[in-house]
file protein-v3.txt (compact mmCIF, C-alpha atoms)
# COMPACT_ATOMS: atom_id res chain seq x y z
CA MET A 1 -24.39 -23.56 9.05
CA THR A 2 -26.84 -20.79 9.68
CA SER A 3 -26.18 -17.18 10.42
CA ALA A 4 -28.34 -14.34 11.59
CA PRO A 5 -29.95 -12.41 8.77
CA PRO A 6 -27.92 -9.33 7.95
CA ASP A 7 -29.27 -6.11 9.32
CA ARG A 8 -28.30 -2.50 9.66
CA GLU A 9 -26.78 -3.03 13.08
CA SER A 10 -24.43 -5.79 12.00
CA PHE A 11 -23.55 -3.80 8.90
CA GLU A 12 -22.66 -0.69 10.88
CA ALA A 13 -20.67 -2.70 13.42
CA GLU A 14 -18.57 -4.30 10.68
CA VAL A 15 -18.24 -1.48 8.20
CA LEU A 16 -18.01 1.77 10.17
CA PRO A 17 -14.64 0.81 11.74
CA GLN A 18 -13.27 0.53 8.18
CA LEU A 19 -14.13 4.09 7.14
CA ASP A 20 -10.59 5.38 7.72
CA SER A 21 -9.12 2.68 5.50
CA LEU A 22 -11.77 3.25 2.83
CA TYR A 23 -11.17 6.98 2.88
CA ARG A 24 -7.40 6.56 2.57
CA LEU A 25 -7.73 4.24 -0.41
CA ALA A 26 -10.30 6.56 -1.99
CA LEU A 27 -7.97 9.53 -1.56
CA ARG A 28 -5.09 7.76 -3.22
CA LEU A 29 -7.25 6.58 -6.11
CA THR A 30 -9.07 9.83 -6.80
CA THR A 31 -6.27 12.14 -5.56
CA ASP A 32 -9.08 14.56 -4.69
CA PRO A 33 -10.67 14.92 -1.22
CA THR A 34 -14.15 15.83 -2.44
CA ARG A 35 -14.33 12.97 -4.90
CA ALA A 36 -12.83 10.66 -2.29
CA GLU A 37 -15.66 11.49 0.10
CA ASP A 38 -18.29 10.78 -2.55
CA LEU A 39 -16.56 7.55 -3.48
CA VAL A 40 -16.53 6.36 0.14
CA GLN A 41 -20.20 7.18 0.59
CA ASP A 42 -21.17 5.41 -2.65
CA THR A 43 -19.09 2.41 -1.62
CA VAL A 44 -20.74 2.12 1.79
CA LEU A 45 -24.24 2.42 0.35
CA LYS A 46 -23.49 -0.20 -2.31
CA ALA A 47 -22.05 -2.48 0.35
CA PHE A 48 -25.21 -2.01 2.42
CA ARG A 49 -27.43 -2.94 -0.51
CA SER A 50 -25.44 -6.15 -1.07
CA TRP A 51 -24.86 -6.92 2.60
CA GLN A 52 -26.80 -10.19 2.22
CA ARG A 53 -24.09 -11.38 -0.12
CA PHE A 54 -21.25 -10.78 2.31
CA GLN A 55 -20.24 -14.06 3.92
CA PRO A 56 -19.62 -13.58 7.64
CA GLY A 57 -16.18 -14.72 8.61
CA THR A 58 -14.60 -13.71 5.33
CA ASN A 59 -12.43 -10.65 5.03
CA ILE A 60 -14.56 -7.53 5.33
CA ARG A 61 -11.72 -5.23 4.30
CA SER A 62 -11.04 -7.09 1.05
CA TRP A 63 -14.75 -7.10 0.30
CA LEU A 64 -15.10 -3.35 0.86
CA PHE A 65 -11.90 -2.47 -1.00
CA THR A 66 -13.16 -4.49 -3.97
CA ILE A 67 -16.43 -2.57 -4.04
CA LEU A 68 -14.61 0.73 -3.67
CA ARG A 69 -12.17 0.00 -6.45
CA ASN A 70 -14.84 -1.26 -8.85
CA THR A 71 -16.92 1.83 -8.14
CA PHE A 72 -13.89 3.99 -8.75
CA ILE A 73 -13.12 2.32 -12.08
CA ASN A 74 -16.69 2.36 -13.32
CA GLU A 75 -17.83 5.75 -12.14
CA TYR A 76 -15.01 7.94 -10.92
CA ARG A 77 -11.94 7.36 -12.97
CA ARG A 78 -11.19 10.20 -15.27
CA ARG A 79 -9.23 9.28 -18.30
CA GLN A 80 -6.29 11.37 -17.48
CA ARG A 81 -2.70 11.52 -18.43
CA GLU A 82 -1.28 8.61 -16.55
CA PRO A 83 2.12 9.15 -15.00
CA ILE A 84 4.71 7.22 -16.92
CA PRO A 85 6.25 4.33 -15.03
CA MET A 86 9.99 4.63 -14.77
CA ASP A 87 11.77 2.26 -17.02
CA LEU A 88 12.93 0.06 -14.23
CA GLU A 89 14.16 -2.64 -16.56
CA THR A 90 17.13 -0.52 -17.48
CA ILE A 91 18.21 0.47 -14.00
CA GLU A 92 19.63 -1.61 -11.27
CA PRO A 93 16.75 -2.77 -9.03
CA TYR A 94 18.18 -1.48 -5.78
CA ALA A 95 19.72 1.73 -7.13
CA THR A 96 18.30 3.85 -4.31
CA PHE A 97 19.68 1.60 -1.62
CA ARG A 98 23.07 1.63 -3.34
CA GLY A 99 22.86 5.40 -3.67
CA THR A 100 22.54 5.91 0.06
CA ASP A 101 24.88 3.10 0.96
CA GLU A 102 27.73 5.24 2.28
CA GLU A 103 25.95 8.15 3.83
CA ASP A 104 22.70 6.68 5.15
CA PRO A 105 22.77 2.94 4.59
CA GLU A 106 19.77 2.27 6.79
CA GLY A 107 17.56 4.84 5.10
CA THR A 108 16.93 7.04 8.13
CA PHE A 109 16.35 9.95 5.73
CA PHE A 110 12.90 8.51 4.94
CA SER A 111 11.58 9.57 8.34
CA GLN A 112 12.64 13.19 7.74
CA ILE A 113 10.36 13.62 4.77
CA VAL A 114 7.13 15.42 5.65
CA ASP A 115 3.86 13.51 5.38
CA GLY A 116 2.46 15.68 2.60
CA LYS A 117 5.47 15.06 0.42
CA VAL A 118 5.21 11.30 0.89
CA LEU A 119 1.53 11.36 -0.08
CA GLU A 120 2.31 13.53 -3.09
CA ALA A 121 4.96 11.07 -4.20
CA ILE A 122 2.52 8.15 -3.82
CA ASP A 123 -0.06 10.03 -5.87
CA ALA A 124 2.51 10.58 -8.61
CA LEU A 125 2.89 6.83 -9.12
CA PRO A 126 1.01 5.20 -11.99
CA GLU A 127 -2.38 3.98 -10.79
CA ASP A 128 -1.48 0.28 -11.20
CA PHE A 129 1.45 0.74 -8.85
CA ARG A 130 -0.32 3.08 -6.45
CA GLU A 131 -3.21 0.77 -5.66
CA VAL A 132 -0.95 -2.22 -4.99
CA LEU A 133 1.35 -0.16 -2.80
CA VAL A 134 -1.49 1.30 -0.72
CA LEU A 135 -3.22 -2.05 -0.23
CA SER A 136 0.03 -3.72 0.76
CA ASP A 137 2.06 -1.15 2.60
CA VAL A 138 -0.55 1.13 4.11
CA GLU A 139 -3.46 -1.27 4.65
CA ASN A 140 -1.35 -4.41 5.18
CA LEU A 141 -3.24 -6.78 2.91
CA SER A 142 -1.52 -10.04 1.96
CA TYR A 143 -0.56 -10.84 -1.63
CA ALA A 144 -3.56 -13.15 -1.92
CA GLU A 145 -5.95 -10.53 -0.59
CA ILE A 146 -4.59 -7.89 -2.96
CA ALA A 147 -4.84 -10.33 -5.86
CA GLY A 148 -8.48 -10.88 -4.91
CA VAL A 149 -9.31 -7.17 -4.73
CA LEU A 150 -7.58 -6.33 -8.01
CA GLY A 151 -8.46 -9.52 -9.88
CA LEU A 152 -4.81 -10.16 -10.70
CA PRO A 153 -2.50 -13.17 -10.35
CA VAL A 154 -0.33 -13.11 -7.22
CA GLY A 155 2.79 -12.96 -9.39
CA THR A 156 1.61 -9.71 -10.96
CA VAL A 157 0.85 -8.25 -7.55
CA LYS A 158 4.37 -9.09 -6.37
CA SER A 159 6.09 -7.58 -9.37
CA ARG A 160 3.95 -4.43 -9.29
CA LEU A 161 4.66 -4.01 -5.59
CA PHE A 162 8.37 -4.40 -6.21
CA ARG A 163 8.33 -1.79 -8.94
CA ALA A 164 6.07 0.57 -7.01
CA ARG A 165 8.39 0.53 -4.01
CA ARG A 166 11.47 1.11 -6.15
CA GLN A 167 9.87 4.01 -7.98
CA LEU A 168 8.65 5.62 -4.75
CA GLN A 169 12.04 5.18 -3.07
CA ARG A 170 13.67 6.83 -6.04
CA ALA A 171 11.30 9.79 -5.91
CA LEU A 172 11.78 10.23 -2.15
CA TYR A 173 15.53 9.91 -2.51
CA ASP A 174 15.55 12.67 -5.14
CA HIS A 175 13.42 14.81 -2.85
CA ALA A 176 15.74 14.16 0.11
CA VAL A 177 18.74 15.20 -1.96
CA GLU A 178 16.91 18.31 -3.13
CA MET A 179 16.03 19.24 0.45
CA GLY A 180 19.55 18.61 1.63
CA TYR A 181 18.68 15.64 3.88
CA LEU A 182 21.14 13.62 1.83
CA ARG A 183 24.13 14.42 -0.30
CA LYS A 184 23.87 13.25 -3.87
CA VAL A 185 26.21 10.36 -4.36
CA PRO A 186 27.97 10.57 -7.72
CA GLY A 187 26.81 7.81 -10.00
CA ALA A 188 23.92 6.83 -7.73
CA ARG A 189 21.45 6.84 -10.56
CA MET B 1 30.33 -12.26 1.69
CA ALA B 2 28.04 -9.90 -0.20
CA GLY B 3 27.02 -11.22 -3.56
CA GLY B 4 27.29 -14.93 -2.73
CA PRO B 5 24.44 -17.36 -3.41
CA ASP B 6 22.98 -16.84 0.06
CA CYS B 7 22.94 -13.08 -0.50
CA GLN B 8 21.30 -13.50 -3.88
CA GLN B 9 18.61 -15.68 -2.39
CA ALA B 10 18.07 -13.33 0.55
CA LEU B 11 17.73 -10.32 -1.75
CA ALA B 12 15.44 -12.13 -4.14
CA LEU B 13 13.18 -13.09 -1.25
CA LEU B 14 13.49 -9.88 0.77
CA GLN B 15 10.10 -8.53 -0.28
CA ASP B 16 8.31 -11.80 0.54
CA TYR B 17 10.30 -12.02 3.78
CA LEU B 18 9.18 -8.56 4.86
CA LYS B 19 5.58 -9.45 4.08
CA GLN B 20 6.10 -12.69 6.01
CA GLU B 21 4.87 -14.67 3.08
CA LEU B 22 7.48 -17.40 2.98
CA THR B 23 7.33 -20.92 4.38
CA PRO B 24 8.58 -21.13 7.98
CA GLU B 25 11.67 -22.96 6.72
CA LEU B 26 12.56 -20.20 4.28
CA MET B 27 11.76 -17.48 6.83
CA ALA B 28 14.20 -19.15 9.24
CA ARG B 29 16.83 -19.57 6.59
CA ILE B 30 16.71 -15.93 5.53
CA THR B 31 16.72 -14.78 9.17
CA THR B 32 19.87 -16.79 9.79
CA HIS B 33 21.54 -15.25 6.78
CA LEU B 34 20.46 -11.72 7.71
CA ARG B 35 21.97 -12.16 11.17
CA ARG B 36 25.28 -13.15 9.69
CA CYS B 37 25.56 -10.87 6.70
CA ARG B 38 26.07 -7.20 7.42
CA HIS B 39 25.39 -6.15 3.85
CA CYS B 40 22.04 -7.92 3.62
CA PHE B 41 21.13 -6.85 7.16
CA THR B 42 21.68 -3.20 6.20
CA HIS B 43 19.54 -3.74 3.15
CA LEU B 44 16.79 -5.14 5.35
CA LYS B 45 17.03 -2.10 7.65
CA PHE B 46 16.78 0.21 4.65
CA GLU B 47 13.60 -1.48 3.43
CA GLU B 48 12.18 -1.49 6.96
CA SER B 49 12.83 2.26 7.35
CA PHE B 50 10.99 2.83 4.10
CA LEU B 51 8.02 0.68 5.07
CA THR B 52 7.71 2.11 8.58
CA MET B 53 7.80 5.62 7.15
CA LEU B 54 5.20 4.74 4.56
CA GLU B 55 2.79 3.22 7.02
CA THR B 56 3.08 5.99 9.62
CA LYS B 57 2.88 8.88 7.18
CA ALA B 58 0.12 7.50 4.99
CA LYS B 59 -1.99 6.29 7.92
CA GLY B 60 -2.20 9.81 9.35
CA GLN B 61 -5.22 10.49 7.20
CA CYS B 62 -8.61 9.61 8.66
CA CYS B 63 -12.17 9.76 7.46
CA PRO B 64 -13.44 13.29 8.22
CA GLU B 65 -16.14 13.45 10.89
CA ARG B 66 -18.59 15.18 8.56
CA LEU B 67 -18.28 12.31 6.08
CA ARG B 68 -18.90 9.78 8.86
CA LEU B 69 -22.06 11.67 9.84
CA ARG B 70 -23.16 12.02 6.23
CA ILE B 71 -22.78 8.27 5.70
CA LEU B 72 -24.67 7.44 8.88
CA ALA B 73 -27.52 9.73 7.87
CA ALA B 74 -27.62 8.17 4.39
CA LEU B 75 -27.59 4.66 5.83
CA ARG B 76 -30.37 5.35 8.26
CA GLY B 77 -32.44 6.89 5.52
CA THR B 78 -31.97 3.75 3.42
CA PRO B 79 -34.44 0.85 3.76
CA GLU B 80 -33.05 -2.38 5.16
CA PRO B 81 -31.57 -4.57 2.43
call {"tool": "encode", "arguments": {"input": "protein-v3.txt", "output": "structure tokens"}}
result
Amino acid sequence: MTSAPPDRESFEAEVLPQLDSLYRLALRLTTDPTRAEDLVQDTVLKAFRSWQRFQPGTNIRSWLFTILRNTFINEYRRRQREPIPMDLETIEPYATFRGTDEEDPEGTFFSQIVDGKVLEAIDALPEDFREVLVLSDVENLSYAEIAGVLGLPVGTVKSRLFRARRQLQRALYDHAVEMGYLRKVPGAR
Amino acid sequence: MAGGPDCQQALALLQDYLKQELTPELMARITTHLRRCRHCFTHLKFEESFLTMLETKAKGQCCPERLRLRILAALRGTPEP
């Protein structure tokens, strides 16, 4: 099978439509708009330099996310105090769902939370959880695609996603109680 | 009844079900259970509310126009690979 040699036009046609997704992932990884912009630009230029290696017909998003994440890890990540994952082993897995069971069983309170607060809560997750959550639940990658981007077994992706969602739900539940969207249910925690 | 073996299976597979990453047989089996079991159905709705919220709120952010322009300028100043 032959394919046309890669050129700037084909690169721009494939990659430019992905800038929003790249920027969102970069923002969540760096948690800083200026650094996110630099990371996206570096990612796109690196992708351009290795465009010959991209196999047409394979997943462009996974390919770009992989470059972005590797660039982040190698050049952008600051060794910072990592948020501590909640000790989910000791709490009931669906505690948040149980906590809202009587008052708001279908979780309508989630939609009341303002965008900025949701993003803040995502950024407060440990990085391992945050990247899986964003790739899965914002960018809609499959388990296999996420496993490819992160270089992890699918089983690890699944368990991290499970824990990330539980931790985020917990944080948003606490926020909703604080804001008065929900009443605190005794013993919910 | 909540807590029976069907409920346990549905809950254990809820995440994979929502990602539509089960075999068609299992997808159908869980769907059937969710239609019959109010407790599990509510749980599904709760997770769906969460995921819809997450996608809508987090997708509101777009690449700023100035970054798009900056990238285009950088690309066009870069020799062909």
call {"tool": "closest_residue", "arguments": {"input": "protein-v3.txt", "among": "A:Arg35, A:Arg130, A:Arg183, A:Lys46", "to": "A:Ala164", "atoms": "only C-alpha atoms"}}
result
A:Arg130
call {"tool": "interface_residues", "arguments": {"input": "protein-v3.txt", "of": "chain A", "to": "chain B", "cutoff": "7 Å", "atoms": "all atoms listed in the file", "output": "list in words"}}
result
Asp7, Arg8, Leu19, Asp20, Tyr23, Arg24, Glu37, Gln41, Leu45, Phe48, Arg49, Pro105, Glu106, Gly107, Thr108, Phe110, Ser111, Asp115, Leu119, Asp137 and Val138 of chain A
call {"tool": "atom_distance", "arguments": {"input": "protein-v3.txt", "atom1": "atom CA of A:Gly116", "atom2": "atom CA of A:Gly180"}}
result
17.4 Å
call {"tool": "residues_around", "arguments": {"input": "protein-v3.txt", "residues": "A:Phe129", "least_positions_apart": "3", "cutoff": "7 Å", "atoms": "only C-alpha atoms", "output": "compact mmCIF listing (two decimals) with C-alpha atoms, keeping the file's coordinate frame"}}
result
# COMPACT_ATOMS: atom_id res chain seq x y z
CA LEU A 125 2.89 6.83 -9.12
CA PRO A 126 1.01 5.20 -11.99
CA VAL A 132 -0.95 -2.22 -4.99
CA LEU A 133 1.35 -0.16 -2.80
CA ARG A 160 3.95 -4.43 -9.29
CA LEU A 161 4.66 -4.01 -5.59
CA ALA A 164 6.07 0.57 -7.01
call {"tool": "atom_distance", "arguments": {"input": "protein-v3.txt", "atom1": "atom CA of B:Gly4", "atom2": "atom CA of A:Ser159"}}
result
23.4 Å
call {"tool": "atom_distance", "arguments": {"input": "protein-v3.txt", "atom1": "atom CA of A:Asp123", "atom2": "atom CA of B:Ala12"}}
result
27.1 Å
call {"tool": "closest_residue", "arguments": {"input": "protein-v3.txt", "among": "B:Leu13, B:Cys40, B:Glu65, B:Ala73", "to": "B:Leu26", "atoms": "all atoms listed in the file"}}
result
B:Leu13
call {"tool": "residues_around", "arguments": {"input": "protein-v3.txt", "residues": "A:Tyr94", "least_positions_apart": "6", "cutoff": "12 Å", "atoms": "all atoms listed in the file", "output": "PyMOL selection string"}}
result
(chain A and resi 88+100-101+162-163+165-170+188-189) or (chain B and resi 11-12+14+43-44+46-47)
call {"tool": "residues_around", "arguments": {"input": "protein-v3.txt", "residues": "A:Leu64", "least_positions_apart": "6", "cutoff": "10 Å", "atoms": "all atoms listed in the file", "output": "list of chain:residue names"}}
result
A:Val15, A:Gln18, A:Leu19, A:Ser21, A:Leu22, A:Val40, A:Thr43, A:Val44, A:Lys46, A:Ala47, A:Phe54, A:Asn70, A:Val149
